[in-house]
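Chemist: What follows is the file structure-v4.tsv, containing TSV, C-alpha atoms and all ligand atoms:
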```tsv
chain	number	residue	atom	x	y	z
A	248	MET	CA	103.70	79.70	109.05
A	249	THR	CA	101.99	76.91	110.97
A	250	GLU	CA	101.48	74.10	108.44
A	251	ARG	CA	104.67	72.01	108.07
A	252	SER	CA	103.60	69.19	105.79
A	253	PHE	CA	104.66	70.74	102.52
A	254	ARG	CA	106.85	68.85	100.14
A	255	LEU	CA	110.41	69.97	99.74
A	256	ALA	CA	111.02	71.12	96.19
A	257	ALA	CA	113.47	69.04	94.19
A	258	ALA	CA	116.97	69.98	95.27
A	259	VAL	CA	119.99	70.06	93.00
A	260	ASP	CA	123.30	68.61	94.09
A	261	ASN	CA	125.11	71.71	95.20
A	262	GLY	CA	128.17	70.02	96.63
A	263	GLY	CA	127.46	71.45	100.05
A	264	ARG	CA	127.63	75.02	98.81
A	265	HIS	CA	125.98	77.91	100.61
A	266	ARG	CA	122.36	78.10	99.43
A	267	VAL	CA	121.16	81.54	98.36
A	268	VAL	CA	117.51	82.06	97.46
A	269	VAL	CA	116.64	85.27	95.61
A	270	ILE	CA	112.97	86.17	95.30
A	271	GLY	CA	112.13	88.36	92.33
A	272	GLY	CA	113.82	88.64	88.96
A	273	GLY	CA	113.25	92.39	88.65
A	274	PHE	CA	115.96	95.05	88.73
A	275	GLY	CA	116.97	94.28	92.32
A	276	GLY	CA	116.80	90.49	92.24
A	277	LEU	CA	118.56	90.24	88.92
A	278	GLN	CA	121.42	92.44	90.10
A	279	ALA	CA	121.84	90.37	93.24
A	280	ALA	CA	121.64	87.08	91.35
A	281	THR	CA	124.03	88.00	88.53
A	282	HIS	CA	126.68	89.17	91.01
A	283	LEU	CA	126.28	86.30	93.45
A	284	ALA	CA	126.26	83.76	90.62
A	285	ARG	CA	129.99	84.40	90.24
A	286	GLU	CA	130.61	83.26	93.80
A	287	PRO	CA	130.86	79.67	95.05
A	288	VAL	CA	127.19	79.51	96.06
A	289	SER	CA	124.17	77.52	94.95
A	290	LEU	CA	121.62	80.11	93.88
A	291	THR	CA	117.88	79.73	93.35
A	292	LEU	CA	116.02	82.60	91.71
A	293	ILE	CA	112.25	82.46	92.19
A	294	ASP	CA	109.78	84.61	90.30
A	295	ARG	CA	106.10	84.33	89.45
A	296	ARG	CA	107.10	85.13	85.86
A	297	ASN	CA	109.93	83.36	84.10
A	298	PHE	CA	111.05	86.58	82.46
A	299	HIS	CA	112.57	89.83	83.53
A	300	LEU	CA	110.32	92.76	82.70
A	301	PHE	CA	112.00	96.04	81.83
A	302	GLN	CA	109.44	98.22	83.55
A	303	PRO	CA	110.72	101.60	82.34
A	304	LEU	CA	109.33	100.77	78.89
A	305	THR	CA	106.04	99.13	79.80
A	306	TYR	CA	104.22	102.39	79.09
A	307	GLN	CA	105.23	101.91	75.46
A	308	VAL	CA	103.64	98.45	75.51
A	309	ALA	CA	100.56	100.03	77.07
A	310	THR	CA	100.29	102.40	74.14
A	311	GLY	CA	101.16	99.93	71.41
A	312	ALA	CA	104.57	101.41	70.55
A	313	LEU	CA	106.48	98.30	71.63
A	314	SER	CA	105.60	94.63	71.64
A	315	PRO	CA	105.92	92.51	74.81
A	316	GLY	CA	108.98	90.71	73.45
A	317	GLU	CA	110.87	93.99	73.36
A	318	VAL	CA	110.58	94.57	77.10
A	319	CYS	CA	110.88	91.01	78.43
A	320	TYR	CA	113.88	88.75	78.67
A	321	PRO	CA	113.75	85.11	79.82
A	322	LEU	CA	115.42	84.64	83.20
A	323	ARG	CA	116.59	81.17	82.25
A	324	ALA	CA	118.47	82.60	79.29
A	325	VAL	CA	120.29	85.01	81.59
A	326	PHE	CA	121.67	82.14	83.66
A	327	LYS	CA	121.95	79.35	81.13
A	328	ARG	CA	125.75	79.25	81.43
A	329	ARG	CA	125.68	79.34	85.22
A	330	ARG	CA	125.62	75.77	86.51
A	331	ASN	CA	125.16	76.99	90.08
A	332	VAL	CA	121.95	78.93	89.32
A	333	ARG	CA	118.47	77.57	88.88
A	334	VAL	CA	115.36	79.57	88.04
A	335	LEU	CA	111.99	78.53	89.46
A	336	LEU	CA	108.63	79.74	88.23
A	337	ALA	CA	106.58	79.96	91.41
A	338	GLU	CA	104.56	82.30	93.57
A	339	VAL	CA	106.15	82.90	96.95
A	340	ARG	CA	103.46	82.63	99.60
A	341	ASP	CA	105.26	82.70	102.92
A	342	PHE	CA	108.54	82.31	104.79
A	343	ASP	CA	109.59	80.23	107.75
A	344	LEU	CA	112.49	82.31	108.95
A	345	ASP	CA	113.27	79.95	111.86
A	346	ALA	CA	113.44	76.88	109.64
A	347	HIS	CA	115.09	78.85	106.79
A	348	GLN	CA	112.44	77.87	104.30
A	349	VAL	CA	110.44	79.65	101.61
A	350	LEU	CA	106.92	78.41	100.91
A	351	VAL	CA	106.07	78.54	97.22
A	352	GLU	CA	103.20	77.67	94.92
A	353	PRO	CA	104.63	76.25	91.68
A	354	GLY	CA	103.64	78.09	88.53
A	355	ASP	CA	101.65	75.21	87.06
A	356	GLY	CA	98.91	75.78	89.63
A	357	ASP	CA	98.40	72.02	90.23
A	358	THR	CA	101.42	70.73	92.06
A	359	GLY	CA	100.50	72.15	95.45
A	360	PRO	CA	102.71	74.14	97.82
A	361	MET	CA	106.36	73.30	98.29
A	362	THR	CA	109.21	74.53	100.44
A	363	ILE	CA	112.68	75.62	99.39
A	364	ALA	CA	115.49	75.70	101.91
A	365	TYR	CA	118.04	78.48	102.09
A	366	ASP	CA	121.06	79.65	104.03
A	367	THR	CA	120.75	83.22	102.80
A	368	LEU	CA	117.51	84.78	101.62
A	369	ILE	CA	117.20	87.88	99.43
A	370	VAL	CA	113.72	89.28	98.95
A	371	SER	CA	113.28	91.75	96.10
A	372	GLY	CA	109.63	91.44	95.23
A	373	GLY	CA	109.22	95.04	94.06
A	374	SER	CA	106.54	97.47	95.03
A	375	ARG	CA	102.82	97.95	94.56
A	376	TYR	CA	101.08	100.70	92.66
A	377	SER	CA	99.77	103.61	94.65
A	378	TYR	CA	96.36	105.00	93.82
A	379	PHE	CA	96.79	107.96	96.20
A	380	GLY	CA	94.48	106.34	98.74
A	381	HIS	CA	91.83	105.61	96.10
A	382	ASP	CA	92.17	101.89	95.61
A	383	GLU	CA	88.79	101.88	93.85
A	384	TRP	CA	90.46	103.62	90.89
A	385	ALA	CA	92.33	100.40	90.16
A	386	GLU	CA	89.20	98.98	88.54
A	387	VAL	CA	89.11	101.63	85.84
A	388	ALA	CA	92.73	102.77	85.69
A	389	GLY	CA	95.06	99.87	85.17
A	390	GLU	CA	98.71	100.00	86.09
A	391	VAL	CA	101.76	99.49	83.94
A	392	LYS	CA	104.03	97.66	86.36
A	393	SER	CA	103.35	94.22	84.92
A	394	LEU	CA	103.16	92.98	81.37
A	395	GLU	CA	99.61	91.71	81.82
A	396	SER	CA	98.32	95.01	83.10
A	397	ALA	CA	100.21	96.99	80.47
A	398	LEU	CA	98.49	94.88	77.81
A	399	GLU	CA	95.16	95.49	79.50
A	400	VAL	CA	95.75	99.25	79.38
A	401	ARG	CA	96.70	98.93	75.72
A	402	GLY	CA	93.39	97.15	75.08
A	403	GLN	CA	91.50	99.92	76.88
A	404	ILE	CA	93.20	102.71	74.91
A	405	LEU	CA	92.84	101.11	71.50
A	406	SER	CA	89.25	100.03	72.21
A	407	ALA	CA	88.37	103.63	73.05
A	408	PHE	CA	89.30	104.71	69.52
A	409	GLU	CA	87.31	101.78	68.11
A	410	ALA	CA	84.27	102.65	70.22
A	411	ALA	CA	84.51	106.31	69.15
A	412	GLU	CA	84.54	105.24	65.48
A	413	MET	CA	81.16	103.52	65.95
A	414	GLU	CA	79.57	106.09	68.27
A	415	PRO	CA	76.93	108.28	66.58
A	416	ASP	CA	76.43	110.64	69.54
A	417	PRO	CA	79.05	113.43	69.35
A	418	GLU	CA	79.14	113.90	73.13
A	419	LEU	CA	79.80	110.23	73.77
A	420	ARG	CA	82.32	110.17	70.95
A	421	ARG	CA	84.15	113.02	72.63
A	422	ALA	CA	84.07	111.09	75.89
A	423	TRP	CA	85.62	108.03	74.23
A	424	LEU	CA	88.37	110.24	72.86
A	425	THR	CA	89.19	111.82	76.21
A	426	PHE	CA	92.09	110.26	78.11
A	427	VAL	CA	92.92	111.31	81.65
A	428	VAL	CA	96.32	110.50	83.11
A	429	VAL	CA	96.60	111.08	86.84
A	430	GLY	CA	100.07	111.96	88.12
A	431	ALA	CA	102.48	114.21	86.23
A	432	GLY	CA	105.62	112.38	87.31
A	433	PRO	CA	107.86	110.66	84.75
A	434	THR	CA	105.47	107.76	84.04
A	435	GLY	CA	102.40	109.99	83.78
A	436	VAL	CA	104.17	112.37	81.41
A	437	GLU	CA	105.47	109.47	79.32
A	438	MET	CA	102.01	107.90	79.16
A	439	ALA	CA	100.33	111.16	78.15
A	440	GLY	CA	103.02	111.81	75.52
A	441	GLN	CA	102.72	108.32	74.12
A	442	ILE	CA	98.91	108.54	73.85
A	443	ALA	CA	99.41	111.83	71.99
A	444	GLU	CA	101.92	110.13	69.71
A	445	LEU	CA	99.36	107.42	69.00
A	446	ALA	CA	96.58	109.93	68.32
A	447	HIS	CA	98.64	112.32	66.21
A	448	ARG	CA	101.10	110.12	64.36
A	449	THR	CA	100.11	106.48	64.35
A	450	LEU	CA	96.34	106.43	63.99
A	451	PRO	CA	95.42	109.35	61.68
A	452	GLY	CA	94.04	108.15	58.36
A	453	GLN	CA	93.03	104.75	59.73
A	454	TYR	CA	89.48	105.69	60.74
A	455	LYS	CA	86.65	106.95	58.51
A	456	HIS	CA	84.33	108.48	61.09
A	457	ILE	CA	86.69	110.03	63.67
A	458	ASP	CA	89.82	112.09	63.53
A	459	PRO	CA	92.12	110.60	66.19
A	460	ARG	CA	93.96	113.93	66.37
A	461	LYS	CA	90.87	115.33	68.11
A	462	ALA	CA	91.62	113.14	71.14
A	463	ARG	CA	91.95	115.12	74.37
A	464	ILE	CA	94.69	114.04	76.72
A	465	ILE	CA	94.41	115.53	80.19
A	466	LEU	CA	97.31	115.26	82.60
A	467	VAL	CA	96.24	115.84	86.19
A	468	ASP	CA	98.48	116.45	89.19
A	469	ALA	CA	97.61	117.65	92.67
A	470	ILE	CA	100.48	120.12	92.89
A	471	GLY	CA	99.93	121.70	89.49
A	472	ALA	CA	103.49	121.10	88.29
A	473	VAL	CA	104.86	118.71	85.70
A	474	LEU	CA	107.86	116.49	86.49
A	475	ASN	CA	108.25	118.12	89.87
A	476	THR	CA	110.29	115.22	91.19
A	477	PHE	CA	113.20	116.09	88.90
A	478	GLY	CA	113.70	119.68	89.94
A	479	ASP	CA	111.87	119.62	93.26
A	480	ILE	CA	110.45	123.00	92.45
A	481	ASP	CA	107.46	123.87	94.60
A	482	THR	CA	105.77	127.19	94.06
A	483	TYR	CA	104.53	129.04	97.13
A	484	LYS	CA	102.68	132.31	97.35
A	485	THR	CA	103.96	135.04	99.62
A	486	GLU	CA	101.76	138.04	100.33
A	487	GLY	CA	103.72	140.29	102.65
A	488	VAL	CA	105.97	140.32	105.70
A	489	VAL	CA	105.42	139.81	109.41
A	490	GLU	CA	107.18	142.39	111.56
A	491	PHE	CA	108.02	141.71	115.21
A	492	THR	CA	110.42	142.72	117.98
A	493	LEU	CA	112.91	140.23	119.41
A	494	GLN	CA	115.84	140.86	121.72
A	495	GLY	CA	115.21	144.58	121.32
A	496	ARG	CA	115.40	144.52	117.55
A	497	THR	CA	112.71	144.98	114.96
A	498	LEU	CA	112.83	141.99	112.65
A	499	ARG	CA	110.89	140.75	109.65
A	500	LEU	CA	110.02	137.35	108.26
A	501	ARG	CA	108.35	136.70	104.93
A	502	PRO	CA	105.89	133.80	105.23
A	503	PHE	CA	104.49	131.60	102.49
A	504	THR	CA	100.72	131.46	102.43
A	505	THR	CA	99.81	127.87	101.77
A	506	ARG	CA	96.27	128.19	103.13
A	507	PRO	CA	94.03	131.21	103.75
A	508	LYS	CA	95.05	133.00	106.94
A	509	ARG	CA	97.82	130.50	107.63
A	510	PHE	CA	101.49	131.46	107.49
A	511	TYR	CA	104.33	129.08	106.82
A	512	PHE	CA	107.78	130.40	107.77
A	513	VAL	CA	111.03	128.86	106.62
A	514	PHE	CA	113.72	130.64	108.58
A	515	LYS	CA	117.31	130.51	109.69
A	516	ASP	CA	118.96	132.35	112.56
A	517	GLN	CA	122.33	132.76	114.25
A	518	SER	CA	121.93	129.39	115.99
A	519	SER	CA	121.56	127.53	112.68
A	520	GLY	CA	124.43	125.13	112.15
A	521	ALA	CA	125.39	125.19	115.82
A	522	GLU	CA	122.61	124.65	118.35
A	523	THR	CA	119.92	124.20	115.68
A	524	TYR	CA	119.69	122.51	112.30
A	525	GLU	CA	121.83	124.32	109.76
A	526	ALA	CA	119.56	124.57	106.71
A	527	ALA	CA	116.37	126.03	108.18
A	528	ARG	CA	113.52	125.46	110.57
A	529	PHE	CA	109.80	125.62	109.93
A	530	LEU	CA	107.16	127.52	111.87
A	531	TYR	CA	103.43	128.02	111.32
A	532	SER	CA	101.13	130.76	112.59
A	533	ASP	CA	97.59	131.95	111.97
A	534	LEU	CA	96.51	135.41	110.84
A	535	ARG	CA	94.13	136.84	113.41
A	536	ASP	CA	91.14	139.03	112.56
A	537	ASP	CA	92.95	142.14	113.82
A	538	GLY	CA	95.70	141.60	111.25
A	539	THR	CA	98.27	140.31	113.77
A	540	THR	CA	99.75	136.87	114.27
A	541	VAL	CA	101.55	135.08	117.12
A	542	LEU	CA	105.02	133.81	116.34
A	543	ASP	CA	105.64	131.09	118.90
A	544	PHE	CA	109.24	130.06	118.27
A	545	ASN	CA	108.81	127.24	120.78
A	546	GLN	CA	106.96	125.53	117.95
A	547	ALA	CA	109.76	125.93	115.40
A	548	TYR	CA	110.68	122.49	114.16
A	549	ASN	CA	113.24	120.75	112.00
A	550	PRO	CA	112.46	119.88	108.38
A	551	PRO	CA	112.53	116.23	107.26
A	552	CYS	CA	115.96	116.65	105.68
A	553	SER	CA	117.43	117.15	109.14
A	554	PHE	CA	116.91	113.53	110.07
A	555	ASN	CA	117.14	111.62	106.80
A	556	PRO	CA	119.25	112.01	103.69
A	557	TYR	CA	116.47	111.15	101.24
A	558	THR	CA	114.35	114.29	101.30
A	559	THR	CA	114.86	117.75	99.94
A	560	CYS	CA	113.78	120.83	101.87
A	561	PRO	CA	113.19	124.47	101.01
A	562	ILE	CA	115.90	126.89	102.06
A	563	PRO	CA	114.94	130.22	103.59
A	564	LEU	CA	114.51	133.34	101.52
A	565	PRO	CA	117.43	135.75	102.01
A	566	GLU	CA	115.27	138.06	104.17
A	567	ASN	CA	114.33	135.13	106.43
A	568	ARG	CA	117.83	134.77	107.90
A	569	LEU	CA	117.44	136.37	111.31
A	570	PRO	CA	120.42	138.26	112.75
A	571	VAL	CA	119.71	136.90	116.26
A	572	LYS	CA	119.89	133.52	117.96
A	573	VAL	CA	116.55	131.74	118.33
A	574	LEU	CA	117.18	128.97	120.79
A	575	ALA	CA	113.49	128.20	121.37
A	576	GLY	CA	111.91	125.35	119.46
A	577	GLU	CA	113.49	122.18	118.16
A	578	ARG	CA	117.26	121.97	118.33
A	579	ALA	CA	119.79	120.07	116.24
A	580	TYR	CA	119.83	116.29	116.45
A	581	PRO	CA	122.85	114.69	118.10
A	582	VAL	CA	123.50	112.68	114.94
A	583	HIS	CA	124.27	115.06	112.17
A	584	VAL	CA	122.72	114.44	108.76
A	585	PRO	CA	124.78	116.15	106.07
A	586	LEU	CA	123.03	118.57	103.79
A	587	LEU	CA	122.60	116.81	100.50
A	588	LYS	CA	120.43	119.07	98.46
A	589	SER	CA	118.09	121.91	99.09
A	590	SER	CA	116.04	124.11	96.87
A	591	LEU	CA	113.41	126.79	96.94
B	601	LIG	C1	106.29	102.71	83.71
B	601	LIG	C2	107.52	102.71	84.57
B	601	LIG	C3	108.61	103.47	84.20
B	601	LIG	C4	109.77	103.46	84.96
B	601	LIG	N1	110.82	104.19	84.55
B	601	LIG	C5	111.99	104.14	85.25
B	601	LIG	C6	113.13	104.83	84.80
B	601	LIG	O1	113.13	105.50	83.77
B	601	LIG	N2	114.26	104.74	85.55
B	601	LIG	C7	114.31	104.00	86.70
B	601	LIG	O2	115.37	103.92	87.34
B	601	LIG	N3	113.23	103.33	87.15
B	601	LIG	C8	112.08	103.38	86.45
B	601	LIG	N4	110.98	102.71	86.90
B	601	LIG	C9	111.06	102.03	88.19
B	601	LIG	C10	111.79	100.70	88.09
B	601	LIG	O3	111.27	99.94	87.04
B	601	LIG	C11	111.59	100.02	89.43
B	601	LIG	O4	112.17	100.83	90.42
B	601	LIG	C12	112.26	98.67	89.44
B	601	LIG	O5	111.66	97.83	88.50
B	601	LIG	C13	112.15	98.08	90.83
B	601	LIG	O6	112.89	96.90	90.84
B	601	LIG	P1	112.59	95.76	91.88
B	601	LIG	O7	113.56	94.65	91.62
B	601	LIG	O8	112.52	96.32	93.25
B	601	LIG	O9	111.10	95.29	91.56
B	601	LIG	P2	110.50	94.73	90.21
B	601	LIG	O10	111.28	95.13	89.02
B	601	LIG	O11	109.05	95.08	90.27
B	601	LIG	O12	110.66	93.16	90.37
B	601	LIG	C14	109.98	92.43	91.34
B	601	LIG	C15	109.92	90.99	90.85
B	601	LIG	O13	109.43	90.20	91.92
B	601	LIG	C16	108.48	89.27	91.41
B	601	LIG	N5	107.59	88.95	92.52
B	601	LIG	C17	106.93	89.82	93.32
B	601	LIG	N6	106.22	89.16	94.25
B	601	LIG	C18	106.45	87.84	94.04
B	601	LIG	C19	105.99	86.65	94.69
B	601	LIG	N7	105.18	86.68	95.75
B	601	LIG	N8	106.39	85.46	94.20
B	601	LIG	C20	107.23	85.40	93.14
B	601	LIG	N9	107.70	86.49	92.49
B	601	LIG	C21	107.31	87.69	92.94
B	601	LIG	C22	107.79	90.02	90.27
B	601	LIG	O14	107.22	89.11	89.35
B	601	LIG	C23	108.94	90.82	89.67
B	601	LIG	O15	109.60	90.11	88.64
B	601	LIG	C24	109.82	102.68	86.15
B	601	LIG	C25	108.72	101.92	86.53
B	601	LIG	C26	107.58	101.91	85.76
B	601	LIG	C27	106.40	101.07	86.16
```
Translate the structure of the given file into structure tokens.
Modeler:
Amino acid sequence: MTERSFRLAAAVDNGGRHRVVVIGGGFGGLQAATHLAREPVSLTLIDRRNFHLFQPLTYQVATGALSPGEVCYPLRAVFKRRRNVRVLLAEVRDFDLDAHQVLVEPGDGDTGPMTIAYDTLIVSGGSRYSYFGHDEWAEVAGEVKSLESALEVRGQILSAFEAAEMEPDPELRRAWLTFVVVGAGPTGVEMAGQIAELAHRTLPGQYKHIDPRKARIILVDAIGAVLNTFGDIDTYKTEGVVEFTLQGRTLRLRPFTTRPKRFYFVFKDQSSGAETYEAARFLYSDLRDDGTTVLDFNQAYNPPCSFNPYTTCPIPLPENRLPVKVLAGERAYPVHVPLLKSSL
């Protein structure tokens, strides 16, 4: 931040208390603020909206099942009995970490930028939508992370039924009544289900020209599985075994075939849990034209779950537990990450 001529926002007499500024009145910010409010601090909660939005139900607003008032709660009301908490409606633009100041644009849009001083700063501004690298989709496929956008999506969905009612061309009518939801995670599944609810239960009988029950709802997901994040079930094809000789023994590994002529091995050996990572290691090889493949164990590497506790990894098939030590390839990390969860 270079410009220093901003006005200091009106301060409240905090009796010299420690000044905490919390940015964002979402799940994170609200948790922090409600707990810290009980301490002898002077707390300022800043949000660009003066209400908390219960995001898990915005998809119901987007499909007309709930009204905005049912998913929003005024932040001021949360803290009305807390004399040490003030709520400011403002857009946070920048921080001056050296000067301990937050630069904000007040919600009225006219006042001009201001600064708010803090001793402790908590930033919980949430996350942005991901369009899987296709930001251009945002223009046609609204998100449901804010009330405004959820209402926009609701307008789009309801207008589609209205447009279909007036459309004489059957092909175009069918297009209006086709809804595509991309992403079969919890929100995608909820959205698709709620559109179906609208088409099958709420709207039938209300139109003269169309039958809303004819609406097509298409749920698309790259991995071809619904709600995969809950069970972490990935399906892999396996089309045979690779036989090889190691340390004088004939051994076999069953690879997954994730791409044509490409083998993906998830294996364990007698070094697993000692010199190498305990759950499994990964190895890739290519099928050659003569039907053979080169298993280069120097390229065996640790799965993501070996270095962070937030990922799940496949465990090896029973036949992929080699009865020999394979000390080539990546070894165990000095800092051990406990096995949290694994699945196949
Ligand atoms: C449709 C949907 C369904 C969901 N379902 C579930 C569920 O079932 N279970 C579950 O656990 N989670 C669910 N989630 C996720 C959950 O809602 C989020 O993880 C959670 O809201 C994140 O909280 P947060 O505090 O990090 O951010 P948010 O709740 O997004 O809050 C961020 C706040 O910061 C404010 N803000 C951001 N930038 C600025 C700025 N520059 N200036 C001022 N204010 C700013 C925003 O206005 C907002 O109020 C769902 C989310 C969605 C969208």
Chemist: At what distance in Å, to one decimal, does atom CA of Pro502 of chain A lie from atom CA of Val541 of chain A?
Modeler: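 We find that atom CA of Val541 of chain A and atom CA of Pro502 of chain A lie 12.7 Å from each other.
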Chemist: Quick one: of A:Gly359, A:Gly435, A:Gly538, A:Gly576, who's nearest to ligand LIG 601 (chain B), counting only C-alpha atoms and all ligand atoms?
Modeler: A:Gly435
Chemist: Could you list, as a PyMOL selection string, all the residues within 9 Å of ligand LIG 601 (chain B), counting all atoms listed in the file?
Modeler: chain A and resi 270-278+293-307+336-341+351-352+370-376+390-393+397+433-435+437-438
Chemist: Write out as an mmCIF file with C-alpha atoms, keeping the file's coordinate frame the residues lying within 12 Å of Gln403 of chain A, counting all atoms listed in the file and excluding same-chain residues fewer than 5 positions away.
Modeler:
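Resulting contents of result-v3.cif:
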```
data_model
loop_
_atom_site.group_PDB
_atom_site.id
_atom_site.type_symbol
_atom_site.label_atom_id
_atom_site.label_comp_id
_atom_site.auth_asym_id
_atom_site.auth_seq_id
_atom_site.Cartn_x
_atom_site.Cartn_y
_atom_site.Cartn_z
ATOM 1 C CA ALA A 309 100.560 100.030 77.070
ATOM 2 C CA THR A 310 100.290 102.400 74.140
ATOM 3 C CA GLY A 311 101.160 99.930 71.410
ATOM 4 C CA GLU A 386 89.200 98.980 88.540
ATOM 5 C CA VAL A 387 89.110 101.630 85.840
ATOM 6 C CA ALA A 388 92.730 102.770 85.690
ATOM 7 C CA GLY A 389 95.060 99.870 85.170
ATOM 8 C CA GLU A 390 98.710 100.000 86.090
ATOM 9 C CA SER A 396 98.320 95.010 83.100
ATOM 10 C CA ALA A 397 100.210 96.990 80.470
ATOM 11 C CA LEU A 398 98.490 94.880 77.810
ATOM 12 C CA PHE A 408 89.300 104.710 69.520
ATOM 13 C CA GLU A 409 87.310 101.780 68.110
ATOM 14 C CA ALA A 410 84.270 102.650 70.220
ATOM 15 C CA TRP A 423 85.620 108.030 74.230
ATOM 16 C CA LEU A 424 88.370 110.240 72.860
ATOM 17 C CA PHE A 426 92.090 110.260 78.110
ATOM 18 C CA ILE A 442 98.910 108.540 73.850
#
```
Chemist: To one decimal place in Å, what is the distance between atom CA of Ala279 of chain A and atom CA of Phe342 of chain A?
Modeler: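 Rounded to one decimal, the two atoms are 19.4 Å apart.
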Chemist: When distances are computed from all atoms listed in the file, which of A:Leu450, A:Arg578, A:Leu394, A:Arg329 shows the smallest separation from Ala547 of chain A?
Modeler: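 Of A:Leu450, A:Arg578, A:Leu394, A:Arg329, the one nearest Ala547 of chain A, counting all atoms listed in the file, is A:Arg578.
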Chemist: Looking at A:Thr425, A:Thr449, A:Thr540, A:Thr482, which one is nearest to Arg463 of chain A, with distances taken over only C-alpha atoms?
Modeler: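 Of the candidates, the smallest distance to Arg463 of chain A is held by A:Thr425.
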Chemist: What gap, in Å, lies between atom CA of Ile470 of chain A and atom CA of Thr559 of chain A?
Modeler: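 A separation of 16.2 Å between them.
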Chemist: Residues proximal to (132.0, 73.1, 92.2) were defined as those with any atom within 12 Å of that point in the file's coordinates, counting only C-alpha atoms. Which are they, as a VMD selection string?
Modeler: chain A and resid 260 to 265 285 to 289 329 to 332
Chemist: Scan for residues within 9 Å of the point (111.5, 126.9, 115.9) in the coordinates of the file, using all atoms listed in the file, and reply as a list in words.
Modeler: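 The answer, in the requested form, is Phe514, Thr523, Arg528, Phe529, Leu530, Asp543, Phe544, Asn545, Gln546, Ala547, Tyr548, Asn549, Val573, Leu574, Ala575, Gly576, Glu577 and Arg578 of chain A.
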Chemist: Find, counting all atoms listed in the file, the residue in A:Leu419, A:Ala385, A:Leu344, A:Leu292 that gets nearest to Val325 of chain A.
Modeler: A:Leu292
Chemist: Using all atoms listed in the file, which of A:Ala431, A:Ala462, A:Val334, A:Val400 sits nearest Glu444 of chain A?
Modeler: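 Smallest separation from Glu444 of chain A among the options: A:Ala462.
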Chemist: Identify which of the residues A:Leu290, A:Ala280, A:Ile457, A:Val473 lies closest to Pro417 of chain A, counting only C-alpha atoms when measuring atom-to-atom distances.
Modeler: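 Result for the nearest residue to Pro417 of chain A: A:Ile457.
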